[in-house]
Amino acid sequence: MTNRYAIILAAGQGTRMKSKLYKVLHPVCGKPMVQHVIDHVNELKIEDIVTIIGHGAEKVQDQVGNLSQYALQTEQLGTAHAVMQAEAALAGKEGTTLVICGDTPLIKSDTMQALIDLHEEKQAKATILTASAQNPAGYGRVIRNSDGEVEKIVEHKDANESELKVKEINTGTYCFDNMALFSALKKVSNDNVQGEYYLPDVIEILKAEGEIITAYETDDFGETMGVNDRVALSQAEAIMRSRINEKHMRNGVTITDPASTYIEADVTIEQDTVIYPGTMIMGSTHIGRECLIGPHTEIKDCRIGDHTVLRQSVAHDSSIGAEVKIGPFAHIRPQSEIMDEVKIGNFVEIKKAVFGTGSKASHLSYIGDAEVGKDVNIGCGSITVNYDGKNKFLTKIEDGVFVGCNSNLVAPVTIGKGAYVAAGSTITEDVPGEALSIARARQVNKEDYVKNLKFNK
Ligand code: UD1
Ligand code: CA
């Protein structure tokens, strides 16, 4: 079998983004563009992946990690110059090289594979992935001769009037015969409007040498779109979003209003879960079966068990068990571990707390830096007092505890197994198991007090 290599171009600053963040690191559905490209390339059988880095080199490397090798392009002299930087890694190797831009996050691995297959079947030296654009402005145009063969690619800025009318564009993805690529690159000049070494010029060079050049035209322009500015970024986001939603729906998830449902690329959801409108599910979240999520719910980096309900709530970086009911209007903050069959009701905030099986905080509570056992009932308005202005302290509430309404548990403090805390208590000392603790002023009723007030005539 032919050896295959891939070069990903990711050294540009992305001036048109007008951003501090390097272009290829801008996220689409929560994942940086270059990572989408790498992940798609990774689905293919590729021997070596070389990513060309320059602007933000370290940050791109941190993002992609060891999924790729790297070659540094210290000066951005154009896409041909960028590919040249892979010479040390790839020159002299026989095989097929896929070149793809780090700003085309929507190109699917199936399309890349089809491009490679056509290239190898035709024994071409270069095969271009092209698409027909309704508005081709900004793209390189594919110029064909009277026999329909590809002659060359002309950049938008270098194109004449008739070339500007061509709708078939260069998507910036190509397959090359690796040896032919590196030998042709040496012949590319920067004699053009932008004074850059253009990779597409390789096509004309190889054609002039009588080599076979082919093109694979996809019928889906949306897939091939290059993201150069924030308008295109939002369009890419919309395409990716509907692709992700469709994948989940085909896998058996109900999304009642896909247009208002935002699910990031790496989220996984099991069958028969229903997602209601206005919901964002982000990061590495996993949601089990038959859950009801939303409306208007935000979940990031959470693991959620089966049959759990999360309504109008926010949950970040936490694990939530099965048969749990959360919301409306609850806030689960990072590092919380909510066990099975828990109920977290309205206006309850949980932070860095373990909340044991079957326990409840149904209304208006703050539980932070706490270990709550099983079958605990936290009454309305009760809170852990975890912070003295400088340090955070732990509250332990053991199994079966009943905390009456509006209690303050001043940490560090332990409420022993099965104990009761009377409503309105401010607990500053440990409560032994099975005890009733009352920590509030006694009620005094002053008879006729109001009647005898001087101003009460
Ligand atoms: C490029 C193509 C154009 C095609 C379009 C498709 C060239 C000259 N033009 O134009 O024909 O229609 O993509 O989206 O190739 N990069 C480097 N080093 C450089 C320059 C660029 O690594 O010196 C990287 C960029 O980070 C980017 C990619 O190459 O990821 C493409 O560069 P960009 O400037 O976006 O090219 P376009 O003008 O979009
Ligand atoms: Ca581009």
# chains A, B, ... in the order shown; residues from 1 in each chain; ligands from 1
$ closest_atom_pairs --of "chain A" --to "ligand 2" --cutoff "6 Å" --atoms "only C-alpha atoms and all ligand atoms" --output "JSON lines"
{"residue": "A:Asp103", "atom": "CA", "partner": "ligand 2", "partner_atom_place_in_ligand_line": "1 (Ca)", "distance": 5.8}
{"residue": "A:Gly226", "atom": "CA", "partner": "ligand 2", "partner_atom_place_in_ligand_line": "1 (Ca)", "distance": 4.8}
{"residue": "A:Val227", "atom": "CA", "partner": "ligand 2", "partner_atom_place_in_ligand_line": "1 (Ca)", "distance": 5.8}
{"residue": "A:Asn228", "atom": "CA", "partner": "ligand 2", "partner_atom_place_in_ligand_line": "1 (Ca)", "distance": 5.2}
$ residues_around --residues "His307 in chain A" --least-positions-apart "3" --cutoff "9 Å" --atoms "only C-alpha atoms" --output "list in words"
Thr273, Gly288, Arg289, Glu290, Cys291, Leu292, Ala322, Glu323, Val324 and Lys325 of chain A
$ write_last_selection --atoms "C-alpha atoms" --output "CSV table (one decimal), in the first residue's frame"
chain,number,residue,atom,x,y,z
A,273,THR,CA,-32.6,11.5,26.4
A,288,GLY,CA,-26.8,8.9,30.2
A,289,ARG,CA,-30.1,7.4,28.9
A,290,GLU,CA,-33.6,8.7,29.3
A,291,CYS,CA,-32.6,12.0,30.9
A,292,LEU,CA,-34.6,15.2,30.5
A,322,ALA,CA,-28.8,8.5,38.1
A,323,GLU,CA,-32.4,9.3,39.0
A,324,VAL,CA,-31.4,12.8,40.2
A,325,LYS,CA,-33.7,15.8,40.0
$ closest_residue --among "A:Thr384, A:Ser146, A:Thr96, A:Thr74" --to "ligand 1" --atoms "only C-alpha atoms and all ligand atoms"
A:Thr74
$ residues_around --residues "Ala238 in chain A" --least-positions-apart "6" --cutoff "12 Å" --atoms "only C-alpha atoms" --output "VMD selection string"
chain A and resid 28 to 29 106 222 to 223 231 to 232 244 to 245 258 to 264
$ write_last_selection --atoms "C-alpha atoms" --output "PDB file, in the first residue's frame"
ATOM      1  CA  VAL A  28     -15.867  26.036  16.513  1.00  0.00           C
ATOM      2  CA  CYS A  29     -18.425  24.251  18.712  1.00  0.00           C
ATOM      3  CA  LEU A 106     -15.584  21.323   8.482  1.00  0.00           C
ATOM      4  CA  GLY A 222     -20.327  24.460   3.304  1.00  0.00           C
ATOM      5  CA  GLU A 223     -18.026  21.618   4.238  1.00  0.00           C
ATOM      6  CA  VAL A 231     -18.467  36.168   9.961  1.00  0.00           C
ATOM      7  CA  ALA A 232     -17.169  32.921   8.499  1.00  0.00           C
ATOM      8  CA  ILE A 244     -23.540  17.612  15.739  1.00  0.00           C
ATOM      9  CA  ASN A 245     -27.253  17.871  16.578  1.00  0.00           C
ATOM     10  CA  PRO A 258     -32.144  22.032  17.236  1.00  0.00           C
ATOM     11  CA  ALA A 259     -31.904  25.706  16.268  1.00  0.00           C
ATOM     12  CA  SER A 260     -31.559  26.725  19.914  1.00  0.00           C
ATOM     13  CA  THR A 261     -29.539  23.745  21.134  1.00  0.00           C
ATOM     14  CA  TYR A 262     -25.753  24.093  21.354  1.00  0.00           C
ATOM     15  CA  ILE A 263     -23.837  20.861  21.835  1.00  0.00           C
ATOM     16  CA  GLU A 264     -20.061  20.886  21.593  1.00  0.00           C
TER      17      GLU A 264
END
$ residues_near_ligand --ligand "ligand 1" --cutoff "7 Å" --atoms "only C-alpha atoms and all ligand atoms" --output "PyMOL selection string"
chain A and resi 9-14+24+52-54+73+75-79+81-82+101-104+138-141+153+155+169-172+198-200+225-226+228
$ select_by_dssp --residues "range 8-82 of chain A" --states "alpha helix (DSSP H)" --output "PyMOL selection string"
chain A and resi 33-42+57-64+79-82
